[in-house]
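To start, the structure itself, in structure tokens.
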Amino acid sequence: MLIPSIDLMGGRIVQLVQGEKKALEFDDFEEWIGRFSSFPLIQLIDLDAAIGSGRNRDLVREFAHRLPCQVGGGIRSVQNVEQVLAIGARRVILGSSLIRDGQPDAAFAEECATAVGTDKLVFAIDSKQGRVAIRGWRELTEITPLAMISALEPWCSAFLYTHIDTEGLMQGIPLEMVRLLRSATMKQLIVAGGIASAEQIEQLDALRIDAVVGMAIYTGKIKITATAKND
């Protein structure tokens with residue numbers, strides 16, 4: 001399945017390269033709402049909230065009300081999870097808050113799952129140079145992606161793996177890595193990071209892996225149509 005991404009920064013839709021350099025920005029929200037309306041799931045990330053520089057809460061509410069979104073960015077407490085679900089999110093993505101004192105925080109994961117149910121939770125694994133990155137990808141931990149899955153699998157419905165090293169470059173995501181992750185969990189596995197062709201989306205689909213795509217959609221490299229939900 002192809003899952004389009006909407007990344008928000010400074011009140012606009014943006015696309016960053018490797019989480020740092022802004023490559024594209026848009027403020028025609030109606031156009032993208034219309035183009036994404038046929039998809040069964042959209043990924044919506046508040047980048048300002050993720051790095052602690054502000055929030056785009058009104059925009060998050062607008063998109064989540066009009067599109068089926070899983071929402072992430074700066075969600076650091078059970079109360080935050082409940083608030084995001086209350087404004088219309090289908091699922092909530094947790095990332096940095098799942099790590100405490102340099103280790104996966106299974107107690108917090110369990111607390112969130114008890115409060116809202118595992119079906120409402122997606123756990124993000126953002127990987128750079130083989131290690132999990134947090135705080136808007138600006139801080140590297142010593143935790144490996146496989147260690148995150150092993151520690152936290154009981155308390156979510158899906159894992160979202162982002163390969164930061166290839167994010168925004170449209171050069172593809174390393175299949176050997178995602179195959180390893182696929183073998184490590186029975187939960188839904190969603191991956192992102194440079195996916196730029198229908199061929200790679202099909203390869204991932206054959207592995208029972210869903211693909212988040214941003215840059216390739218916004219630049220027109222991957223064309224989306226009214227039948228996109230069947231991709």
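Each chain of the structure tokens is named A, B, ... in the order shown, its residues numbered from 1; ligands are numbered from 1 in display order.
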
Determine, counting only C-alpha atoms, which protein, DNA and RNA residues have an atom within 8 Å of an atom of stretch 5-17 of chain A; residues of the same chain fewer than 2 positions away are not included. Present the result as a ChimeraX atom specification.
-> /A:3,19-27,29,42-48,56,59,167-169,212-215

Mind the document's chain letters and residue numbers, and return as a PDB file with all heavy atoms, in the first residue's frame the residues of stretch 37-162 of chain A that DSSP labels strand (DSSP E or B).
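The result, written out as states-v9.pdb:
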ATOM      1  N   ILE A  42      -3.237   8.354   5.276  1.00  0.00           N
ATOM      2  CA  ILE A  42      -2.267   9.425   5.050  1.00  0.00           C
ATOM      3  C   ILE A  42      -1.391   9.532   6.289  1.00  0.00           C
ATOM      4  O   ILE A  42      -1.880   9.382   7.417  1.00  0.00           O
ATOM      5  CB  ILE A  42      -2.975  10.788   4.816  1.00  0.00           C
ATOM      6  CG1 ILE A  42      -4.079  10.672   3.765  1.00  0.00           C
ATOM      7  CG2 ILE A  42      -1.954  11.870   4.464  1.00  0.00           C
ATOM      8  CD1 ILE A  42      -3.601  10.299   2.389  1.00  0.00           C
ATOM      9  N   GLN A  43      -0.121   9.808   6.083  1.00  0.00           N
ATOM     10  CA  GLN A  43       0.756  10.055   7.233  1.00  0.00           C
ATOM     11  C   GLN A  43       0.960  11.557   7.401  1.00  0.00           C
ATOM     12  O   GLN A  43       1.403  12.234   6.480  1.00  0.00           O
ATOM     13  CB  GLN A  43       2.107   9.373   7.040  1.00  0.00           C
ATOM     14  CG  GLN A  43       3.027   9.598   8.235  1.00  0.00           C
ATOM     15  CD  GLN A  43       4.145   8.597   8.265  1.00  0.00           C
ATOM     16  OE1 GLN A  43       3.891   7.396   8.428  1.00  0.00           O
ATOM     17  NE2 GLN A  43       5.372   9.050   8.101  1.00  0.00           N
ATOM     18  N   LEU A  44       0.639  12.071   8.580  1.00  0.00           N
ATOM     19  CA  LEU A  44       0.682  13.501   8.867  1.00  0.00           C
ATOM     20  C   LEU A  44       1.628  13.760  10.028  1.00  0.00           C
ATOM     21  O   LEU A  44       1.401  13.284  11.142  1.00  0.00           O
ATOM     22  CB  LEU A  44      -0.732  13.986   9.211  1.00  0.00           C
ATOM     23  CG  LEU A  44      -0.920  15.454   9.584  1.00  0.00           C
ATOM     24  CD1 LEU A  44      -0.559  16.365   8.416  1.00  0.00           C
ATOM     25  CD2 LEU A  44      -2.360  15.705  10.013  1.00  0.00           C
ATOM     26  N   ILE A  45       2.716  14.509   9.772  1.00  0.00           N
ATOM     27  CA  ILE A  45       3.726  14.757  10.791  1.00  0.00           C
ATOM     28  C   ILE A  45       3.882  16.259  11.025  1.00  0.00           C
ATOM     29  O   ILE A  45       4.096  17.023  10.078  1.00  0.00           O
ATOM     30  CB  ILE A  45       5.100  14.172  10.387  1.00  0.00           C
ATOM     31  CG1 ILE A  45       4.991  12.679  10.060  1.00  0.00           C
ATOM     32  CG2 ILE A  45       6.124  14.424  11.491  1.00  0.00           C
ATOM     33  CD1 ILE A  45       4.627  11.806  11.226  1.00  0.00           C
ATOM     34  N   ASP A  46       3.793  16.670  12.276  1.00  0.00           N
ATOM     35  CA  ASP A  46       4.061  18.052  12.664  1.00  0.00           C
ATOM     36  C   ASP A  46       5.551  18.158  12.997  1.00  0.00           C
ATOM     37  O   ASP A  46       5.978  17.818  14.106  1.00  0.00           O
ATOM     38  CB  ASP A  46       3.196  18.424  13.876  1.00  0.00           C
ATOM     39  CG  ASP A  46       3.308  19.891  14.248  1.00  0.00           C
ATOM     40  OD1 ASP A  46       4.289  20.546  13.841  1.00  0.00           O
ATOM     41  OD2 ASP A  46       2.415  20.386  14.979  1.00  0.00           O
ATOM     42  N   CYS A  69      -5.930   9.999   8.731  1.00  0.00           N
ATOM     43  CA  CYS A  69      -4.518  10.238   9.036  1.00  0.00           C
ATOM     44  C   CYS A  69      -4.010   9.466  10.248  1.00  0.00           C
ATOM     45  O   CYS A  69      -4.717   9.326  11.245  1.00  0.00           O
ATOM     46  CB  CYS A  69      -4.284  11.723   9.329  1.00  0.00           C
ATOM     47  SG  CYS A  69      -4.551  12.825   7.923  1.00  0.00           S
ATOM     48  N   GLN A  70      -2.756   9.017  10.144  1.00  0.00           N
ATOM     49  CA  GLN A  70      -1.997   8.659  11.332  1.00  0.00           C
ATOM     50  C   GLN A  70      -1.063   9.837  11.591  1.00  0.00           C
ATOM     51  O   GLN A  70      -0.376  10.300  10.691  1.00  0.00           O
ATOM     52  CB  GLN A  70      -1.254   7.336  11.172  1.00  0.00           C
ATOM     53  CG  GLN A  70      -0.274   7.255  10.015  1.00  0.00           C
ATOM     54  CD  GLN A  70       0.377   5.889   9.931  1.00  0.00           C
ATOM     55  OE1 GLN A  70      -0.237   4.856  10.261  1.00  0.00           O
ATOM     56  NE2 GLN A  70       1.629   5.830   9.509  1.00  0.00           N
ATOM     57  N   VAL A  71      -1.087  10.332  12.821  1.00  0.00           N
ATOM     58  CA  VAL A  71      -0.476  11.627  13.130  1.00  0.00           C
ATOM     59  C   VAL A  71       0.681  11.464  14.110  1.00  0.00           C
ATOM     60  O   VAL A  71       0.579  10.749  15.114  1.00  0.00           O
ATOM     61  CB  VAL A  71      -1.531  12.578  13.734  1.00  0.00           C
ATOM     62  CG1 VAL A  71      -0.892  13.894  14.155  1.00  0.00           C
ATOM     63  CG2 VAL A  71      -2.652  12.823  12.734  1.00  0.00           C
ATOM     64  N   GLY A  72       1.789  12.156  13.818  1.00  0.00           N
ATOM     65  CA  GLY A  72       2.939  12.123  14.702  1.00  0.00           C
ATOM     66  C   GLY A  72       3.604  13.486  14.798  1.00  0.00           C
ATOM     67  O   GLY A  72       3.255  14.425  14.088  1.00  0.00           O
ATOM     68  N   ARG A  91      -4.842   7.054  13.974  1.00  0.00           N
ATOM     69  CA  ARG A  91      -3.810   6.447  14.820  1.00  0.00           C
ATOM     70  C   ARG A  91      -2.798   7.527  15.188  1.00  0.00           C
ATOM     71  O   ARG A  91      -2.690   8.554  14.529  1.00  0.00           O
ATOM     72  CB  ARG A  91      -3.095   5.295  14.096  1.00  0.00           C
ATOM     73  CG  ARG A  91      -3.990   4.149  13.719  1.00  0.00           C
ATOM     74  CD  ARG A  91      -3.204   2.897  13.324  1.00  0.00           C
ATOM     75  NE  ARG A  91      -2.405   3.055  12.131  1.00  0.00           N
ATOM     76  CZ  ARG A  91      -1.838   2.055  11.474  1.00  0.00           C
ATOM     77  NH1 ARG A  91      -1.960   0.808  11.924  1.00  0.00           N
ATOM     78  NH2 ARG A  91      -1.130   2.267  10.382  1.00  0.00           N
ATOM     79  N   VAL A  92      -2.030   7.243  16.244  1.00  0.00           N
ATOM     80  CA  VAL A  92      -1.012   8.175  16.719  1.00  0.00           C
ATOM     81  C   VAL A  92       0.360   7.525  16.576  1.00  0.00           C
ATOM     82  O   VAL A  92       0.544   6.346  16.912  1.00  0.00           O
ATOM     83  CB  VAL A  92      -1.268   8.556  18.193  1.00  0.00           C
ATOM     84  CG1 VAL A  92      -0.139   9.421  18.729  1.00  0.00           C
ATOM     85  CG2 VAL A  92      -2.601   9.292  18.320  1.00  0.00           C
ATOM     86  N   ILE A  93       1.305   8.313  16.068  1.00  0.00           N
ATOM     87  CA  ILE A  93       2.681   7.840  15.911  1.00  0.00           C
ATOM     88  C   ILE A  93       3.519   8.354  17.080  1.00  0.00           C
ATOM     89  O   ILE A  93       3.581   9.559  17.327  1.00  0.00           O
ATOM     90  CB  ILE A  93       3.282   8.339  14.591  1.00  0.00           C
ATOM     91  CG1 ILE A  93       2.435   7.883  13.396  1.00  0.00           C
ATOM     92  CG2 ILE A  93       4.727   7.855  14.438  1.00  0.00           C
ATOM     93  CD1 ILE A  93       2.803   8.581  12.091  1.00  0.00           C
ATOM     94  N   LEU A  94       4.151   7.437  17.789  1.00  0.00           N
ATOM     95  CA  LEU A  94       5.054   7.793  18.888  1.00  0.00           C
ATOM     96  C   LEU A  94       6.485   7.479  18.475  1.00  0.00           C
ATOM     97  O   LEU A  94       6.752   6.443  17.865  1.00  0.00           O
ATOM     98  CB  LEU A  94       4.705   7.008  20.144  1.00  0.00           C
ATOM     99  CG  LEU A  94       3.332   7.305  20.762  1.00  0.00           C
ATOM    100  CD1 LEU A  94       3.070   6.338  21.913  1.00  0.00           C
ATOM    101  CD2 LEU A  94       3.255   8.730  21.240  1.00  0.00           C
ATOM    102  N   ILE A  99      11.684   6.341  24.181  1.00  0.00           N
ATOM    103  CA  ILE A  99      13.041   6.100  24.654  1.00  0.00           C
ATOM    104  C   ILE A  99      13.292   6.922  25.915  1.00  0.00           C
ATOM    105  O   ILE A  99      13.025   8.126  25.940  1.00  0.00           O
ATOM    106  CB  ILE A  99      14.074   6.451  23.564  1.00  0.00           C
ATOM    107  CG1 ILE A  99      13.893   5.503  22.370  1.00  0.00           C
ATOM    108  CG2 ILE A  99      15.493   6.370  24.103  1.00  0.00           C
ATOM    109  CD1 ILE A  99      14.746   5.840  21.180  1.00  0.00           C
ATOM    110  N   ARG A 100      13.773   6.256  26.929  1.00  0.00           N
ATOM    111  CA  ARG A 100      14.097   6.923  28.205  1.00  0.00           C
ATOM    112  C   ARG A 100      15.444   6.403  28.710  1.00  0.00           C
ATOM    113  O   ARG A 100      15.667   5.191  28.728  1.00  0.00           O
ATOM    114  CB  ARG A 100      13.002   6.658  29.238  1.00  0.00           C
ATOM    115  CG  ARG A 100      13.240   7.338  30.584  1.00  0.00           C
ATOM    116  CD  ARG A 100      12.161   6.966  31.592  1.00  0.00           C
ATOM    117  NE  ARG A 100      10.854   7.425  31.153  1.00  0.00           N
ATOM    118  CZ  ARG A 100      10.371   8.643  31.418  1.00  0.00           C
ATOM    119  NH1 ARG A 100      11.106   9.505  32.101  1.00  0.00           N
ATOM    120  NH2 ARG A 100       9.176   8.983  30.992  1.00  0.00           N
ATOM    121  N   GLN A 103      17.245   3.843  26.524  1.00  0.00           N
ATOM    122  CA  GLN A 103      16.683   2.512  26.312  1.00  0.00           C
ATOM    123  C   GLN A 103      15.219   2.617  25.892  1.00  0.00           C
ATOM    124  O   GLN A 103      14.541   3.593  26.231  1.00  0.00           O
ATOM    125  CB  GLN A 103      16.765   1.680  27.595  1.00  0.00           C
ATOM    126  CG  GLN A 103      18.182   1.412  28.068  1.00  0.00           C
ATOM    127  CD  GLN A 103      18.973   0.547  27.103  1.00  0.00           C
ATOM    128  OE1 GLN A 103      18.412  -0.329  26.446  1.00  0.00           O
ATOM    129  NE2 GLN A 103      20.272   0.808  27.002  1.00  0.00           N
ATOM    130  N   PRO A 104      14.699   1.617  25.153  1.00  0.00           N
ATOM    131  CA  PRO A 104      13.265   1.612  24.850  1.00  0.00           C
ATOM    132  C   PRO A 104      12.447   1.630  26.135  1.00  0.00           C
ATOM    133  O   PRO A 104      12.757   0.899  27.073  1.00  0.00           O
ATOM    134  CB  PRO A 104      13.071   0.292  24.084  1.00  0.00           C
ATOM    135  CG  PRO A 104      14.427  -0.024  23.516  1.00  0.00           C
ATOM    136  CD  PRO A 104      15.406   0.468  24.546  1.00  0.00           C
ATOM    137  N   LEU A 121      -2.043   2.823  18.003  1.00  0.00           N
ATOM    138  CA  LEU A 121      -0.661   3.235  18.168  1.00  0.00           C
ATOM    139  C   LEU A 121       0.252   2.703  17.074  1.00  0.00           C
ATOM    140  O   LEU A 121       0.217   1.514  16.737  1.00  0.00           O
ATOM    141  CB  LEU A 121      -0.133   2.765  19.525  1.00  0.00           C
ATOM    142  CG  LEU A 121      -0.870   3.303  20.760  1.00  0.00           C
ATOM    143  CD1 LEU A 121      -0.307   2.661  22.019  1.00  0.00           C
ATOM    144  CD2 LEU A 121      -0.766   4.823  20.838  1.00  0.00           C
ATOM    145  N   VAL A 122       1.080   3.591  16.540  1.00  0.00           N
ATOM    146  CA  VAL A 122       2.148   3.256  15.604  1.00  0.00           C
ATOM    147  C   VAL A 122       3.454   3.714  16.246  1.00  0.00           C
ATOM    148  O   VAL A 122       3.564   4.863  16.686  1.00  0.00           O
ATOM    149  CB  VAL A 122       1.959   3.973  14.256  1.00  0.00           C
ATOM    150  CG1 VAL A 122       3.116   3.659  13.302  1.00  0.00           C
ATOM    151  CG2 VAL A 122       0.620   3.601  13.619  1.00  0.00           C
ATOM    152  N   PHE A 123       4.419   2.833  16.308  1.00  0.00           N
ATOM    153  CA  PHE A 123       5.703   3.175  16.924  1.00  0.00           C
ATOM    154  C   PHE A 123       6.736   3.451  15.841  1.00  0.00           C
ATOM    155  O   PHE A 123       6.990   2.607  14.985  1.00  0.00           O
ATOM    156  CB  PHE A 123       6.191   2.050  17.837  1.00  0.00           C
ATOM    157  CG  PHE A 123       5.370   1.886  19.097  1.00  0.00           C
ATOM    158  CD1 PHE A 123       5.542   0.774  19.902  1.00  0.00           C
ATOM    159  CD2 PHE A 123       4.427   2.837  19.490  1.00  0.00           C
ATOM    160  CE1 PHE A 123       4.807   0.611  21.072  1.00  0.00           C
ATOM    161  CE2 PHE A 123       3.683   2.688  20.655  1.00  0.00           C
ATOM    162  CZ  PHE A 123       3.877   1.562  21.450  1.00  0.00           C
ATOM    163  N   ALA A 124       7.319   4.645  15.887  1.00  0.00           N
ATOM    164  CA  ALA A 124       8.287   5.070  14.885  1.00  0.00           C
ATOM    165  C   ALA A 124       9.694   4.626  15.250  1.00  0.00           C
ATOM    166  O   ALA A 124      10.123   4.760  16.401  1.00  0.00           O
ATOM    167  CB  ALA A 124       8.246   6.585  14.728  1.00  0.00           C
ATOM    168  N   ILE A 125      10.387   4.106  14.257  1.00  0.00           N
ATOM    169  CA  ILE A 125      11.804   3.761  14.386  1.00  0.00           C
ATOM    170  C   ILE A 125      12.536   4.536  13.301  1.00  0.00           C
ATOM    171  O   ILE A 125      12.504   4.175  12.123  1.00  0.00           O
ATOM    172  CB  ILE A 125      12.032   2.251  14.211  1.00  0.00           C
ATOM    173  CG1 ILE A 125      11.213   1.452  15.237  1.00  0.00           C
ATOM    174  CG2 ILE A 125      13.510   1.914  14.318  1.00  0.00           C
ATOM    175  CD1 ILE A 125      11.250  -0.040  15.016  1.00  0.00           C
ATOM    176  N   ASP A 126      13.148   5.639  13.688  1.00  0.00           N
ATOM    177  CA  ASP A 126      13.864   6.502  12.753  1.00  0.00           C
ATOM    178  C   ASP A 126      15.345   6.171  12.845  1.00  0.00           C
ATOM    179  O   ASP A 126      15.974   6.398  13.880  1.00  0.00           O
ATOM    180  CB  ASP A 126      13.621   7.970  13.087  1.00  0.00           C
ATOM    181  CG  ASP A 126      12.142   8.321  13.061  1.00  0.00           C
ATOM    182  OD1 ASP A 126      11.426   7.771  12.204  1.00  0.00           O
ATOM    183  OD2 ASP A 126      11.702   9.127  13.906  1.00  0.00           O
ATOM    184  N   SER A 127      15.908   5.641  11.767  1.00  0.00           N
ATOM    185  CA  SER A 127      17.253   5.087  11.819  1.00  0.00           C
ATOM    186  C   SER A 127      18.250   5.878  10.974  1.00  0.00           C
ATOM    187  O   SER A 127      17.993   6.181   9.812  1.00  0.00           O
ATOM    188  CB  SER A 127      17.227   3.634  11.341  1.00  0.00           C
ATOM    189  OG  SER A 127      18.522   3.081  11.309  1.00  0.00           O
ATOM    190  N   LYS A 128      19.380   6.186  11.591  1.00  0.00           N
ATOM    191  CA  LYS A 128      20.476   6.870  10.903  1.00  0.00           C
ATOM    192  C   LYS A 128      21.768   6.143  11.249  1.00  0.00           C
ATOM    193  O   LYS A 128      22.079   5.956  12.426  1.00  0.00           O
ATOM    194  CB  LYS A 128      20.546   8.334  11.346  1.00  0.00           C
ATOM    195  CG  LYS A 128      21.561   9.167  10.591  1.00  0.00           C
ATOM    196  CD  LYS A 128      21.462  10.627  11.023  1.00  0.00           C
ATOM    197  CE  LYS A 128      22.387  11.517  10.212  1.00  0.00           C
ATOM    198  NZ  LYS A 128      22.271  12.948  10.636  1.00  0.00           N
ATOM    199  N   ARG A 131      21.416   3.334  13.775  1.00  0.00           N
ATOM    200  CA  ARG A 131      20.981   3.600  15.144  1.00  0.00           C
ATOM    201  C   ARG A 131      19.725   4.465  15.134  1.00  0.00           C
ATOM    202  O   ARG A 131      19.492   5.244  14.210  1.00  0.00           O
ATOM    203  CB  ARG A 131      22.092   4.286  15.942  1.00  0.00           C
ATOM    204  CG  ARG A 131      23.318   3.419  16.153  1.00  0.00           C
ATOM    205  CD  ARG A 131      24.344   4.126  17.010  1.00  0.00           C
ATOM    206  NE  ARG A 131      24.920   5.284  16.327  1.00  0.00           N
ATOM    207  CZ  ARG A 131      25.571   6.270  16.936  1.00  0.00           C
ATOM    208  NH1 ARG A 131      25.691   6.268  18.259  1.00  0.00           N
ATOM    209  NH2 ARG A 131      26.080   7.263  16.250  1.00  0.00           N
ATOM    210  N   VAL A 132      18.940   4.347  16.191  1.00  0.00           N
ATOM    211  CA  VAL A 132      17.687   5.090  16.282  1.00  0.00           C
ATOM    212  C   VAL A 132      17.980   6.553  16.623  1.00  0.00           C
ATOM    213  O   VAL A 132      18.731   6.861  17.554  1.00  0.00           O
ATOM    214  CB  VAL A 132      16.775   4.467  17.350  1.00  0.00           C
ATOM    215  CG1 VAL A 132      15.530   5.328  17.560  1.00  0.00           C
ATOM    216  CG2 VAL A 132      16.381   3.054  16.937  1.00  0.00           C
ATOM    217  N   ALA A 133      17.365   7.452  15.850  1.00  0.00           N
ATOM    218  CA  ALA A 133      17.500   8.895  16.074  1.00  0.00           C
ATOM    219  C   ALA A 133      16.219   9.441  16.683  1.00  0.00           C
ATOM    220  O   ALA A 133      15.117   9.009  16.329  1.00  0.00           O
ATOM    221  CB  ALA A 133      17.806   9.609  14.766  1.00  0.00           C
ATOM    222  N   ILE A 134      16.348  10.402  17.582  1.00  0.00           N
ATOM    223  CA  ILE A 134      15.191  10.999  18.257  1.00  0.00           C
ATOM    224  C   ILE A 134      15.285  12.523  18.196  1.00  0.00           C
ATOM    225  O   ILE A 134      16.223  13.077  17.646  1.00  0.00           O
ATOM    226  CB  ILE A 134      15.089  10.514  19.717  1.00  0.00           C
ATOM    227  CG1 ILE A 134      16.374  10.854  20.495  1.00  0.00           C
ATOM    228  CG2 ILE A 134      14.813   9.019  19.760  1.00  0.00           C
ATOM    229  CD1 ILE A 134      16.300  10.512  21.990  1.00  0.00           C
ATOM    230  N   GLU A 139      19.217  13.760  17.400  1.00  0.00           N
ATOM    231  CA  GLU A 139      19.998  13.110  18.454  1.00  0.00           C
ATOM    232  C   GLU A 139      20.055  11.611  18.196  1.00  0.00           C
ATOM    233  O   GLU A 139      19.023  10.952  18.057  1.00  0.00           O
ATOM    234  CB  GLU A 139      19.362  13.379  19.820  1.00  0.00           C
ATOM    235  CG  GLU A 139      20.076  12.743  20.988  1.00  0.00           C
ATOM    236  CD  GLU A 139      19.343  12.988  22.297  1.00  0.00           C
ATOM    237  OE1 GLU A 139      18.650  14.020  22.422  1.00  0.00           O
ATOM    238  OE2 GLU A 139      19.458  12.131  23.197  1.00  0.00           O
ATOM    239  N   LEU A 140      21.263  11.055  18.121  1.00  0.00           N
ATOM    240  CA  LEU A 140      21.437   9.623  17.885  1.00  0.00           C
ATOM    241  C   LEU A 140      21.553   8.873  19.204  1.00  0.00           C
ATOM    242  O   LEU A 140      22.240   9.313  20.127  1.00  0.00           O
ATOM    243  CB  LEU A 140      22.691   9.357  17.054  1.00  0.00           C
ATOM    244  CG  LEU A 140      22.566   9.382  15.527  1.00  0.00           C
ATOM    245  CD1 LEU A 140      23.903   9.022  14.896  1.00  0.00           C
ATOM    246  CD2 LEU A 140      21.490   8.447  15.035  1.00  0.00           C
ATOM    247  N   ALA A 158       1.452  -1.200  14.629  1.00  0.00           N
ATOM    248  CA  ALA A 158       2.352  -1.090  13.484  1.00  0.00           C
ATOM    249  C   ALA A 158       3.658  -0.443  13.895  1.00  0.00           C
ATOM    250  O   ALA A 158       3.713   0.330  14.864  1.00  0.00           O
ATOM    251  CB  ALA A 158       1.692  -0.267  12.377  1.00  0.00           C
ATOM    252  N   PHE A 159       4.706  -0.761  13.135  1.00  0.00           N
ATOM    253  CA  PHE A 159       5.979  -0.060  13.253  1.00  0.00           C
ATOM    254  C   PHE A 159       6.196   0.766  11.986  1.00  0.00           C
ATOM    255  O   PHE A 159       5.930   0.287  10.874  1.00  0.00           O
ATOM    256  CB  PHE A 159       7.138  -1.032  13.434  1.00  0.00           C
ATOM    257  CG  PHE A 159       7.212  -1.641  14.796  1.00  0.00           C
ATOM    258  CD1 PHE A 159       6.774  -2.947  15.012  1.00  0.00           C
ATOM    259  CD2 PHE A 159       7.719  -0.927  15.870  1.00  0.00           C
ATOM    260  CE1 PHE A 159       6.841  -3.515  16.274  1.00  0.00           C
ATOM    261  CE2 PHE A 159       7.781  -1.488  17.141  1.00  0.00           C
ATOM    262  CZ  PHE A 159       7.342  -2.782  17.338  1.00  0.00           C
ATOM    263  N   LEU A 160       6.674   1.977  12.176  1.00  0.00           N
ATOM    264  CA  LEU A 160       7.004   2.868  11.065  1.00  0.00           C
ATOM    265  C   LEU A 160       8.517   3.058  11.049  1.00  0.00           C
ATOM    266  O   LEU A 160       9.082   3.706  11.930  1.00  0.00           O
ATOM    267  CB  LEU A 160       6.295   4.214  11.249  1.00  0.00           C
ATOM    268  CG  LEU A 160       6.763   5.372  10.370  1.00  0.00           C
ATOM    269  CD1 LEU A 160       6.514   5.064   8.895  1.00  0.00           C
ATOM    270  CD2 LEU A 160       6.078   6.664  10.787  1.00  0.00           C
ATOM    271  N   TYR A 161       9.174   2.472  10.058  1.00  0.00           N
ATOM    272  CA  TYR A 161      10.630   2.561   9.952  1.00  0.00           C
ATOM    273  C   TYR A 161      11.004   3.602   8.904  1.00  0.00           C
ATOM    274  O   TYR A 161      10.576   3.516   7.750  1.00  0.00           O
ATOM    275  CB  TYR A 161      11.223   1.211   9.557  1.00  0.00           C
ATOM    276  CG  TYR A 161      12.715   1.278   9.284  1.00  0.00           C
ATOM    277  CD1 TYR A 161      13.628   1.288  10.329  1.00  0.00           C
ATOM    278  CD2 TYR A 161      13.202   1.356   7.988  1.00  0.00           C
ATOM    279  CE1 TYR A 161      14.996   1.360  10.099  1.00  0.00           C
ATOM    280  CE2 TYR A 161      14.566   1.423   7.732  1.00  0.00           C
ATOM    281  CZ  TYR A 161      15.458   1.423   8.784  1.00  0.00           C
ATOM    282  OH  TYR A 161      16.804   1.506   8.542  1.00  0.00           O
ATOM    283  N   THR A 162      11.794   4.595   9.300  1.00  0.00           N
ATOM    284  CA  THR A 162      12.302   5.589   8.361  1.00  0.00           C
ATOM    285  C   THR A 162      13.813   5.462   8.263  1.00  0.00           C
ATOM    286  O   THR A 162      14.521   5.547   9.265  1.00  0.00           O
ATOM    287  CB  THR A 162      11.926   7.017   8.802  1.00  0.00           C
ATOM    288  OG1 THR A 162      10.506   7.132   8.856  1.00  0.00           O
ATOM    289  CG2 THR A 162      12.465   8.040   7.806  1.00  0.00           C
TER     290      THR A 162
END

Got a sec: who's within 7 Å of A:Gly194, counting only C-alpha atoms, leaving out chain neighbours fewer than 2 positions off, as a PyMOL selection string?
-> chain A and resi 166-173+192+196

May I ask for the distance between atom CA of A:Thr141 and atom CA of A:Asp165, given in Å to one decimal place?
->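 Separation between atom CA of A:Thr141 and atom CA of A:Asp165: 15.2 Å.
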
Within 12 Å of A:Glu30, counting only C-alpha atoms, which residues qualify if same-chain residues fewer than 5 places away don't, as a list in words?
-> Ile13, Arg35, Phe36, Ser37, Leu59, Glu62, Phe63, Arg66 and Leu67 of chain A

Out of stretch 3-231 of chain A, which residues get alpha helix (DSSP H) from DSSP, as a PyMOL selection string?
-> chain A and resi 29-36+47-51+57-66+78-86+106-116+145-152+175-184+198-206+215-218

For each of A:Arg57, A:His65, A:Arg208, A:Lys187, take the minimum atom-to-atom distance to A:Ile33, counting only C-alpha atoms, then give the residue where this is smallest.
-> A:His65
